[in-house]
$ cat model-v4.pdb   # PDB, C-alpha atoms, pLDDT in the B column
ATOM      1  CA  MET A 281       7.853  26.017  10.456  1.00 67.00           C
ATOM      2  CA  ASP A 282       7.283  25.647   6.731  1.00 85.00           C
ATOM      3  CA  LEU A 283       7.763  22.185   5.327  1.00 89.00           C
ATOM      4  CA  VAL A 284       8.615  21.274   1.780  1.00 94.00           C
ATOM      5  CA  ALA A 285       5.335  20.151   0.218  1.00 94.00           C
ATOM      6  CA  THR A 286       4.657  16.450  -0.081  1.00 96.00           C
ATOM      7  CA  PRO A 287       5.822  15.287  -3.509  1.00 94.00           C
ATOM      8  CA  ASP A 288       3.284  15.053  -6.308  1.00 90.00           C
ATOM      9  CA  GLY A 289       1.917  11.577  -6.641  1.00 96.00           C
ATOM     10  CA  TRP A 290       2.045  10.622  -2.953  1.00 97.00           C
ATOM     11  CA  LEU A 291      -1.699  11.077  -2.405  1.00 98.00           C
ATOM     12  CA  GLU A 292      -2.522   9.103  -5.549  1.00 98.00           C
ATOM     13  CA  VAL A 293      -0.319   6.220  -4.350  1.00 98.00           C
ATOM     14  CA  VAL A 294      -1.991   6.257  -0.925  1.00 98.00           C
ATOM     15  CA  LEU A 295      -5.539   6.386  -2.271  1.00 98.00           C
ATOM     16  CA  GLY A 296      -4.684   3.650  -4.775  1.00 98.00           C
ATOM     17  CA  ASP A 297      -3.710   1.245  -1.973  1.00 98.00           C
ATOM     18  CA  PHE A 298      -5.546   2.546   1.056  1.00 98.00           C
ATOM     19  CA  ASP A 299      -5.507  -0.831   2.812  1.00 97.00           C
ATOM     20  CA  SER A 300      -1.698  -0.771   2.882  1.00 97.00           C
ATOM     21  CA  PHE A 301      -1.807   2.838   4.050  1.00 98.00           C
ATOM     22  CA  LEU A 302      -4.093   1.884   6.941  1.00 98.00           C
ATOM     23  CA  LYS A 303      -1.694  -0.862   8.011  1.00 97.00           C
ATOM     24  CA  ASP A 304       1.170   1.637   7.984  1.00 97.00           C
ATOM     25  CA  HIS A 305      -0.953   4.211   9.797  1.00 98.00           C
ATOM     26  CA  ALA A 306      -1.645   1.698  12.577  1.00 98.00           C
ATOM     27  CA  SER A 307       2.070   1.029  12.896  1.00 97.00           C
ATOM     28  CA  CYS A 308       2.850   4.751  13.055  1.00 97.00           C
ATOM     29  CA  GLU A 309       0.314   5.352  15.824  1.00 97.00           C
ATOM     30  CA  LYS A 310       1.689   2.438  17.850  1.00 97.00           C
ATOM     31  CA  LYS A 311       5.261   3.696  17.414  1.00 96.00           C
ATOM     32  CA  ALA A 312       4.218   7.243  18.348  1.00 97.00           C
ATOM     33  CA  SER A 313       2.698   5.965  21.584  1.00 97.00           C
ATOM     34  CA  GLY A 314       5.872   4.031  22.320  1.00 97.00           C
ATOM     35  CA  MET A 315       8.038   7.061  21.589  1.00 96.00           C
ATOM     36  CA  ALA A 316       6.030   9.181  24.022  1.00 98.00           C
ATOM     37  CA  LEU A 317       6.418   6.538  26.730  1.00 97.00           C
ATOM     38  CA  ASN A 318      10.130   6.314  26.006  1.00 96.00           C
ATOM     39  CA  VAL A 319      10.560  10.072  26.428  1.00 96.00           C
ATOM     40  CA  ALA A 320       8.516   9.932  29.642  1.00 96.00           C
ATOM     41  CA  SER A 321      10.712   7.159  31.036  1.00 96.00           C
ATOM     42  CA  HIS A 322      13.890   9.148  30.341  1.00 93.00           C
ATOM     43  CA  TYR A 323      12.680  12.330  32.052  1.00 94.00           C
ATOM     44  CA  PRO A 324      10.794  11.376  35.243  1.00 94.00           C
ATOM     45  CA  ASP A 325      12.319  14.452  36.906  1.00 95.00           C
ATOM     46  CA  LYS A 326      10.510  16.829  34.518  1.00 96.00           C
ATOM     47  CA  PRO A 327       6.830  16.704  35.587  1.00 97.00           C
ATOM     48  CA  GLU A 328       5.496  18.856  32.733  1.00 97.00           C
ATOM     49  CA  LEU A 329       7.263  16.730  30.136  1.00 97.00           C
ATOM     50  CA  LEU A 330       6.346  13.484  31.906  1.00 97.00           C
ATOM     51  CA  ASN A 331       2.650  14.359  32.082  1.00 97.00           C
ATOM     52  CA  ALA A 332       2.527  15.630  28.502  1.00 98.00           C
ATOM     53  CA  MET A 333       4.140  12.436  27.221  1.00 98.00           C
ATOM     54  CA  ALA A 334       1.842  10.217  29.297  1.00 98.00           C
ATOM     55  CA  ASP A 335      -1.186  12.031  27.860  1.00 98.00           C
ATOM     56  CA  LEU A 336       0.251  11.838  24.351  1.00 98.00           C
ATOM     57  CA  ALA A 337       0.960   8.105  24.671  1.00 98.00           C
ATOM     58  CA  VAL A 338      -2.671   7.486  25.635  1.00 98.00           C
ATOM     59  CA  GLU A 339      -3.965   9.628  22.754  1.00 98.00           C
ATOM     60  CA  GLU A 340      -1.694   7.925  20.199  1.00 98.00           C
ATOM     61  CA  LEU A 341      -2.741   4.518  21.517  1.00 98.00           C
ATOM     62  CA  SER A 342      -6.379   5.596  21.141  1.00 98.00           C
ATOM     63  CA  HIS A 343      -5.636   6.471  17.500  1.00 98.00           C
ATOM     64  CA  TYR A 344      -4.005   3.071  17.085  1.00 98.00           C
ATOM     65  CA  ARG A 345      -7.162   1.422  18.425  1.00 98.00           C
ATOM     66  CA  GLU A 346      -9.298   3.393  15.957  1.00 98.00           C
ATOM     67  CA  VAL A 347      -7.112   2.425  12.993  1.00 98.00           C
ATOM     68  CA  ILE A 348      -7.223  -1.209  14.117  1.00 98.00           C
ATOM     69  CA  ARG A 349     -11.024  -0.900  14.119  1.00 97.00           C
ATOM     70  CA  LEU A 350     -10.912   0.452  10.554  1.00 97.00           C
ATOM     71  CA  LEU A 351      -8.685  -2.436   9.493  1.00 97.00           C
ATOM     72  CA  SER A 352     -10.993  -4.970  11.149  1.00 97.00           C
ATOM     73  CA  GLU A 353     -14.008  -3.491   9.370  1.00 96.00           C
ATOM     74  CA  ARG A 354     -12.185  -4.164   6.091  1.00 96.00           C
ATOM     75  CA  GLY A 355     -11.347  -7.722   7.095  1.00 97.00           C
ATOM     76  CA  LEU A 356      -7.674  -6.828   7.492  1.00 96.00           C
ATOM     77  CA  SER A 357      -5.160  -7.212  10.262  1.00 94.00           C
ATOM     78  CA  PRO A 358      -2.157  -4.987  10.891  1.00 93.00           C
ATOM     79  CA  GLY A 359       1.074  -6.099   9.315  1.00 84.00           C
ATOM     80  CA  ALA A 360       4.480  -6.338  10.890  1.00 87.00           C
ATOM     81  CA  ASP A 361       6.140  -3.021  11.647  1.00 88.00           C
ATOM     82  CA  GLU A 362       8.552  -1.963   8.935  1.00 86.00           C
ATOM     83  CA  LYS A 363      11.627   0.181   9.389  1.00 86.00           C
ATOM     84  CA  ASP A 364      10.724   3.754   8.553  1.00 89.00           C
ATOM     85  CA  LEU A 365      13.536   5.259   6.473  1.00 92.00           C
ATOM     86  CA  TYR A 366      12.072   8.717   6.977  1.00 95.00           C
ATOM     87  CA  VAL A 367      11.992   8.571  10.782  1.00 95.00           C
ATOM     88  CA  ARG A 368      15.385   6.874  10.944  1.00 95.00           C
ATOM     89  CA  GLY A 369      16.812   9.562   8.664  1.00 96.00           C
ATOM     90  CA  LEU A 370      15.525  12.295  10.959  1.00 97.00           C
ATOM     91  CA  GLN A 371      16.716  10.504  14.081  1.00 96.00           C
ATOM     92  CA  ALA A 372      20.225  10.496  12.621  1.00 96.00           C
ATOM     93  CA  HIS A 373      20.222  14.274  13.261  1.00 97.00           C
ATOM     94  CA  ILE A 374      19.729  13.863  17.018  1.00 97.00           C
ATOM     95  CA  ARG A 375      22.887  15.042  18.746  1.00 96.00           C
ATOM     96  CA  LYS A 376      24.543  13.585  21.822  1.00 93.00           C
ATOM     97  CA  GLY A 377      24.743  15.386  25.143  1.00 85.00           C
ATOM     98  CA  SER A 378      21.793  15.616  27.507  1.00 81.00           C
ATOM     99  CA  ASP A 379      20.665  19.155  26.639  1.00 82.00           C
ATOM    100  CA  LEU A 380      21.184  18.795  22.894  1.00 94.00           C
ATOM    101  CA  TYR A 381      19.645  15.329  22.887  1.00 95.00           C
ATOM    102  CA  LEU A 382      16.424  16.496  24.558  1.00 96.00           C
ATOM    103  CA  LEU A 383      16.145  19.509  22.266  1.00 97.00           C
ATOM    104  CA  ASP A 384      16.685  17.450  19.130  1.00 98.00           C
ATOM    105  CA  ARG A 385      14.427  14.638  20.245  1.00 97.00           C
ATOM    106  CA  LEU A 386      11.554  17.039  20.886  1.00 98.00           C
ATOM    107  CA  LEU A 387      12.101  18.931  17.647  1.00 98.00           C
ATOM    108  CA  VAL A 388      12.439  15.798  15.514  1.00 98.00           C
ATOM    109  CA  ALA A 389       9.118  14.669  16.993  1.00 98.00           C
ATOM    110  CA  ALA A 390       7.653  18.083  16.125  1.00 98.00           C
ATOM    111  CA  VAL A 391       8.800  17.765  12.507  1.00 98.00           C
ATOM    112  CA  VAL A 392       7.384  14.228  12.209  1.00 98.00           C
ATOM    113  CA  GLU A 393       4.053  15.345  13.656  1.00 98.00           C
ATOM    114  CA  ARG A 394       3.990  18.399  11.399  1.00 97.00           C
ATOM    115  CA  ARG A 395       4.466  16.164   8.354  1.00 98.00           C
ATOM    116  CA  GLY A 396       1.687  13.931   9.650  1.00 98.00           C
ATOM    117  CA  HIS A 397      -0.544  16.988   9.976  1.00 98.00           C
ATOM    118  CA  GLU A 398       0.107  17.924   6.361  1.00 98.00           C
ATOM    119  CA  ARG A 399      -0.384  14.434   4.963  1.00 98.00           C
ATOM    120  CA  PHE A 400      -3.433  13.477   6.998  1.00 98.00           C
ATOM    121  CA  GLY A 401      -4.941  16.792   5.892  1.00 98.00           C
ATOM    122  CA  LEU A 402      -4.351  15.865   2.245  1.00 98.00           C
ATOM    123  CA  ILE A 403      -6.096  12.544   2.834  1.00 98.00           C
ATOM    124  CA  ALA A 404      -9.007  14.135   4.693  1.00 98.00           C
ATOM    125  CA  ASP A 405      -9.510  16.624   1.877  1.00 98.00           C
ATOM    126  CA  ALA A 406      -9.468  13.879  -0.772  1.00 98.00           C
ATOM    127  CA  LEU A 407     -11.827  11.396   0.874  1.00 97.00           C
ATOM    128  CA  PRO A 408     -15.549  11.475   0.128  1.00 96.00           C
ATOM    129  CA  HIS A 409     -17.900  12.663   2.853  1.00 97.00           C
ATOM    130  CA  GLY A 410     -18.439  10.078   5.534  1.00 96.00           C
ATOM    131  CA  PRO A 411     -16.963   8.598   8.702  1.00 96.00           C
ATOM    132  CA  LEU A 412     -13.508   7.967   7.224  1.00 97.00           C
ATOM    133  CA  LYS A 413     -13.191  11.600   6.127  1.00 98.00           C
ATOM    134  CA  GLN A 414     -14.270  12.749   9.603  1.00 98.00           C
ATOM    135  CA  PHE A 415     -11.752  10.423  11.225  1.00 98.00           C
ATOM    136  CA  TYR A 416      -8.908  11.851   9.157  1.00 98.00           C
ATOM    137  CA  LYS A 417     -10.042  15.411   9.821  1.00 98.00           C
ATOM    138  CA  GLY A 418      -9.819  14.631  13.533  1.00 98.00           C
ATOM    139  CA  ILE A 419      -6.382  13.011  13.167  1.00 98.00           C
ATOM    140  CA  THR A 420      -5.217  16.096  11.246  1.00 98.00           C
ATOM    141  CA  LEU A 421      -6.241  18.336  14.145  1.00 98.00           C
ATOM    142  CA  SER A 422      -4.490  16.036  16.625  1.00 98.00           C
ATOM    143  CA  GLU A 423      -1.257  16.109  14.653  1.00 98.00           C
ATOM    144  CA  ASN A 424      -1.404  19.902  14.616  1.00 97.00           C
ATOM    145  CA  ARG A 425      -1.700  19.970  18.418  1.00 98.00           C
ATOM    146  CA  HIS A 426       1.089  17.423  18.765  1.00 98.00           C
ATOM    147  CA  TRP A 427       3.727  19.244  16.749  1.00 98.00           C
ATOM    148  CA  GLN A 428       2.964  22.455  18.604  1.00 98.00           C
ATOM    149  CA  LEU A 429       3.194  20.582  21.925  1.00 98.00           C
ATOM    150  CA  PHE A 430       6.682  19.342  21.081  1.00 98.00           C
ATOM    151  CA  VAL A 431       7.849  22.836  20.153  1.00 98.00           C
ATOM    152  CA  ASP A 432       6.355  24.265  23.354  1.00 98.00           C
ATOM    153  CA  LEU A 433       8.052  21.558  25.419  1.00 98.00           C
ATOM    154  CA  ALA A 434      11.369  22.320  23.720  1.00 98.00           C
ATOM    155  CA  ILE A 435      10.984  26.012  24.562  1.00 97.00           C
ATOM    156  CA  SER A 436      10.164  25.300  28.199  1.00 97.00           C
ATOM    157  CA  HIS A 437      12.785  22.562  28.804  1.00 96.00           C
ATOM    158  CA  CYS A 438      15.700  23.675  26.644  1.00 96.00           C
ATOM    159  CA  GLU A 439      17.536  26.917  25.928  1.00 95.00           C
ATOM    160  CA  PRO A 440      14.709  28.905  24.233  1.00 93.00           C
ATOM    161  CA  GLY A 441      17.104  30.737  21.911  1.00 96.00           C
ATOM    162  CA  LEU A 442      18.263  27.438  20.417  1.00 97.00           C
ATOM    163  CA  VAL A 443      14.793  26.157  19.529  1.00 97.00           C
ATOM    164  CA  GLY A 444      14.004  28.292  16.471  1.00 97.00           C
ATOM    165  CA  PRO A 445      17.369  27.930  14.712  1.00 97.00           C
ATOM    166  CA  ARG A 446      17.510  24.184  15.369  1.00 98.00           C
ATOM    167  CA  LEU A 447      13.944  23.732  14.160  1.00 98.00           C
ATOM    168  CA  ILE A 448      14.888  25.503  10.923  1.00 97.00           C
ATOM    169  CA  GLU A 449      17.890  23.168  10.501  1.00 97.00           C
ATOM    170  CA  LEU A 450      15.835  20.043  11.140  1.00 98.00           C
ATOM    171  CA  THR A 451      13.043  21.217   8.849  1.00 98.00           C
ATOM    172  CA  ALA A 452      15.585  21.760   6.055  1.00 97.00           C
ATOM    173  CA  ALA A 453      17.019  18.277   6.640  1.00 97.00           C
ATOM    174  CA  GLU A 454      13.499  16.860   6.581  1.00 97.00           C
ATOM    175  CA  GLY A 455      12.823  18.572   3.257  1.00 96.00           C
ATOM    176  CA  LYS A 456      15.807  16.836   1.675  1.00 95.00           C
ATOM    177  CA  LEU A 457      14.789  13.556   3.221  1.00 95.00           C
ATOM    178  CA  ILE A 458      11.151  13.733   2.114  1.00 94.00           C
ATOM    179  CA  ALA A 459      12.279  14.320  -1.466  1.00 91.00           C
ATOM    180  CA  SER A 460      14.503  11.223  -1.365  1.00 92.00           C
ATOM    181  CA  VAL A 461      12.078   8.726   0.195  1.00 91.00           C
ATOM    182  CA  PRO A 462      10.274   6.605  -2.411  1.00 92.00           C
ATOM    183  CA  LEU A 463       6.548   7.175  -2.797  1.00 95.00           C
ATOM    184  CA  ARG A 464       4.557   4.376  -1.209  1.00 95.00           C
ATOM    185  CA  ALA A 465       1.185   3.817   0.438  1.00 96.00           C
ATOM    186  CA  ALA A 466       2.540   4.920   3.811  1.00 96.00           C
ATOM    187  CA  LEU A 467       2.522   8.020   5.961  1.00 97.00           C
ATOM    188  CA  HIS A 468       6.240   8.638   5.429  1.00 93.00           C
TER     189      HIS A 468
END

$ encode --input "model-v4.pdb" --output "structure tokens"
Amino acid sequence: MDLVATPDGWLEVVLGDFDSFLKDHASCEKKASGMALNVASHYPDKPELLNAMADLAVEELSHYREVIRLLSERGLSPGADEKDLYVRGLQAHIRKGSDLYLLDRLLVAAVVERRGHERFGLIADALPHGPLKQFYKGITLSENRHWQLFVDLAISHCEPGLVGPRLIELTAAEGKLIASVPLRAALH
């Protein structure tokens, strides 16, 4: 799954207002935990999916706790959650119908996590050596595992032959979306 590269200038905007980025990062981790719990609550009859989402919710909440710690160390508190135009734009591609809905929901999550992997990696590479760089290296690895988990879950819980073509479609839609979202000190 090849993504369109993050637009030039995004990293500079983030590094120029890293406090705002951290607030957004905290919000993203909290929302990711909530999304995993939401998926788990909709599919209690699918033990593999249920357990994977429960584990993911705990991991994302752990990341949230770590970002809150980083904010506290800077004398900051998290801001109110803002609507994420990027995520909402991707969610608009989720189709109705139980089988299509599950497939699209898992693959949209994979695309979001894949973008997070790319962007957290850019941040990790740009930060000076130290604990913050190590934290973002670890988050980058987590995001890589997460997007692969969502693809694997789609393959095992949906029609396997539909996964690849739909992932290509959603990745193309994401590429258009990422080019249209204004650059700001935020993950998306």

$ atom_distance --input "model-v4.pdb" --atom1 "atom CA of A:Leu383" --atom2 "atom CA of A:His468"
22.4 Å

$ closest_residue --input "model-v4.pdb" --among "A:Glu454, A:Glu346, A:Glu292, A:Glu439" --to "A:Pro411" --atoms "all atoms listed in the file"
A:Glu346

$ resolve_selection --input "model-v4.pdb" --expression "the PyMOL selection byres ((chain A and resi 356) around 12)" --output "ChimeraX atom specification"
/A:298-303,306,347-355,357-359

$ residues_around --input "model-v4.pdb" --residues "A:Ile419" --least-positions-apart "2" --cutoff "10 Å" --atoms "only C-alpha atoms" --output "PyMOL selection string"
chain A and resi 340+343+396-397+400-401+404+413-417+421-425

$ residues_around --input "model-v4.pdb" --residues "A:Lys456" --least-positions-apart "3" --cutoff "12 Å" --atoms "all atoms listed in the file" --output "number ranges by chain"
A: 283-287, 366, 369-370, 449-453, 459-461

$ atom_distance --input "model-v4.pdb" --atom1 "atom CA of A:His305" --atom2 "atom CA of A:Glu393"
12.8 Å

$ closest_residue --input "model-v4.pdb" --among "A:Val293, A:Tyr344, A:Leu382, A:Ala360" --to "A:Tyr323" --atoms "all atoms listed in the file"
A:Leu382

$ residues_around --input "model-v4.pdb" --residues "A:Asp379" --least-positions-apart "2" --cutoff "12 Å" --atoms "all atoms listed in the file" --output "list in words"
Tyr323, Ile374, Arg375, Lys376, Gly377, Tyr381, Leu382, Leu383, Asp384, Arg385, Leu386, Ala434, His437, Cys438, Glu439, Pro440, Leu442 and Val443 of chain A

$ closest_residue --input "model-v4.pdb" --among "A:Leu429, A:Leu447, A:Leu336, A:Leu412" --to "A:Lys311" --atoms "all atoms listed in the file"
A:Leu336

$ resolve_selection --input "model-v4.pdb" --expression "the PyMOL selection byres ((chain A and resi 328) around 12)" --output "list of chain:residue names"
A:Val319, A:Ala320, A:Tyr323, A:Pro324, A:Asp325, A:Lys326, A:Pro327, A:Leu329, A:Leu330, A:Asn331, A:Ala332, A:Met333, A:Ala334, A:Asp335, A:Leu429, A:Phe430, A:Asp432, A:Leu433, A:Ala434, A:Ser436, A:His437

$ atom_distance --input "model-v4.pdb" --atom1 "atom CA of A:Leu387" --atom2 "atom CA of A:Gln428"
9.8 Å

$ residues_around --input "model-v4.pdb" --residues "A:Asp361" --least-positions-apart "2" --cutoff "8 Å" --atoms "only C-alpha atoms" --output "short mmCIF file (atom, residue, chain, number, x, y, z; two decimals) with C-alpha atoms, in the coordinates of the input"
data_model
loop_
_atom_site.label_atom_id
_atom_site.label_comp_id
_atom_site.auth_asym_id
_atom_site.auth_seq_id
_atom_site.Cartn_x
_atom_site.Cartn_y
_atom_site.Cartn_z
CA ASP A 304 1.17 1.64 7.98
CA SER A 307 2.07 1.03 12.90
CA GLY A 359 1.07 -6.10 9.32
CA LYS A 363 11.63 0.18 9.39
#

$ closest_residue --input "model-v4.pdb" --among "A:Leu457, A:Leu402, A:Ala312, A:Asp364" --to "A:Ala390" --atoms "only C-alpha atoms"
A:Ala312

$ axis_aligned_box --input "model-v4.pdb" --around "stretch 315-332 of chain A" --padding-each-side "4 Å" --output "JSON"
{"center_x": 8.2, "center_y": 12.6, "center_z": 29.2, "size_x": 19.4, "size_y": 20.5, "size_z": 23.3}

$ build_atoms --input "model-v4.pdb" --residues "stretch 429-458 of chain A" --atoms "N, CA and C atoms" --output "short mmCIF file (atom, residue, chain, number, x, y, z; two decimals), in the coordinates of the input"
data_model
loop_
_atom_site.label_atom_id
_atom_site.label_comp_id
_atom_site.auth_asym_id
_atom_site.auth_seq_id
_atom_site.Cartn_x
_atom_site.Cartn_y
_atom_site.Cartn_z
N LEU A 429 2.83 21.02 20.58
CA LEU A 429 3.19 20.58 21.92
C LEU A 429 4.70 20.33 22.02
N PHE A 430 5.25 19.63 21.04
CA PHE A 430 6.68 19.34 21.08
C PHE A 430 7.53 20.62 21.01
N VAL A 431 7.12 21.56 20.22
CA VAL A 431 7.85 22.84 20.15
C VAL A 431 7.73 23.57 21.49
N ASP A 432 6.55 23.61 22.05
CA ASP A 432 6.36 24.26 23.35
C ASP A 432 7.19 23.60 24.44
N LEU A 433 7.24 22.27 24.43
CA LEU A 433 8.05 21.56 25.42
C LEU A 433 9.53 21.86 25.23
N ALA A 434 9.97 21.97 23.98
CA ALA A 434 11.37 22.32 23.72
C ALA A 434 11.68 23.71 24.27
N ILE A 435 10.78 24.65 24.06
CA ILE A 435 10.98 26.01 24.56
C ILE A 435 11.05 26.03 26.08
N SER A 436 10.20 25.24 26.74
CA SER A 436 10.16 25.30 28.20
C SER A 436 11.22 24.42 28.88
N HIS A 437 11.82 23.46 28.17
CA HIS A 437 12.78 22.56 28.80
C HIS A 437 14.20 22.67 28.25
N CYS A 438 14.38 23.50 27.26
CA CYS A 438 15.70 23.68 26.64
C CYS A 438 16.00 25.17 26.55
N GLU A 439 17.17 25.50 26.11
CA GLU A 439 17.54 26.92 25.93
C GLU A 439 16.63 27.50 24.84
N PRO A 440 15.69 28.41 25.20
CA PRO A 440 14.71 28.90 24.23
C PRO A 440 15.33 29.48 22.96
N GLY A 441 16.47 30.14 23.09
CA GLY A 441 17.10 30.74 21.91
C GLY A 441 17.63 29.72 20.91
N LEU A 442 17.78 28.49 21.32
CA LEU A 442 18.26 27.44 20.42
C LEU A 442 17.14 26.78 19.63
N VAL A 443 15.91 26.90 20.11
CA VAL A 443 14.79 26.16 19.53
C VAL A 443 14.52 26.56 18.08
N GLY A 444 14.33 27.84 17.83
CA GLY A 444 14.00 28.29 16.47
C GLY A 444 15.06 27.93 15.45
N PRO A 445 16.33 28.28 15.69
CA PRO A 445 17.37 27.93 14.71
C PRO A 445 17.49 26.43 14.48
N ARG A 446 17.38 25.63 15.54
CA ARG A 446 17.51 24.18 15.37
C ARG A 446 16.30 23.62 14.63
N LEU A 447 15.14 24.17 14.88
CA LEU A 447 13.94 23.73 14.16
C LEU A 447 14.08 24.03 12.67
N ILE A 448 14.65 25.17 12.34
CA ILE A 448 14.89 25.50 10.92
C ILE A 448 15.85 24.49 10.30
N GLU A 449 16.92 24.15 11.01
CA GLU A 449 17.89 23.17 10.50
C GLU A 449 17.23 21.81 10.28
N LEU A 450 16.47 21.36 11.25
CA LEU A 450 15.84 20.04 11.14
C LEU A 450 14.76 20.02 10.06
N THR A 451 14.05 21.12 9.90
CA THR A 451 13.04 21.22 8.85
C THR A 451 13.70 21.16 7.48
N ALA A 452 14.85 21.81 7.32
CA ALA A 452 15.58 21.76 6.06
C ALA A 452 16.07 20.34 5.78
N ALA A 453 16.58 19.67 6.80
CA ALA A 453 17.02 18.28 6.64
C ALA A 453 15.84 17.39 6.27
N GLU A 454 14.70 17.64 6.87
CA GLU A 454 13.50 16.86 6.58
C GLU A 454 13.06 17.07 5.14
N GLY A 455 13.19 18.29 4.64
CA GLY A 455 12.82 18.57 3.26
C GLY A 455 13.65 17.76 2.27
N LYS A 456 14.94 17.66 2.53
CA LYS A 456 15.81 16.84 1.68
C LYS A 456 15.43 15.37 1.78
N LEU A 457 15.13 14.95 2.98
CA LEU A 457 14.79 13.56 3.22
C LEU A 457 13.47 13.19 2.55
N ILE A 458 12.47 14.04 2.67
CA ILE A 458 11.15 13.73 2.11
C ILE A 458 11.22 13.63 0.59
#
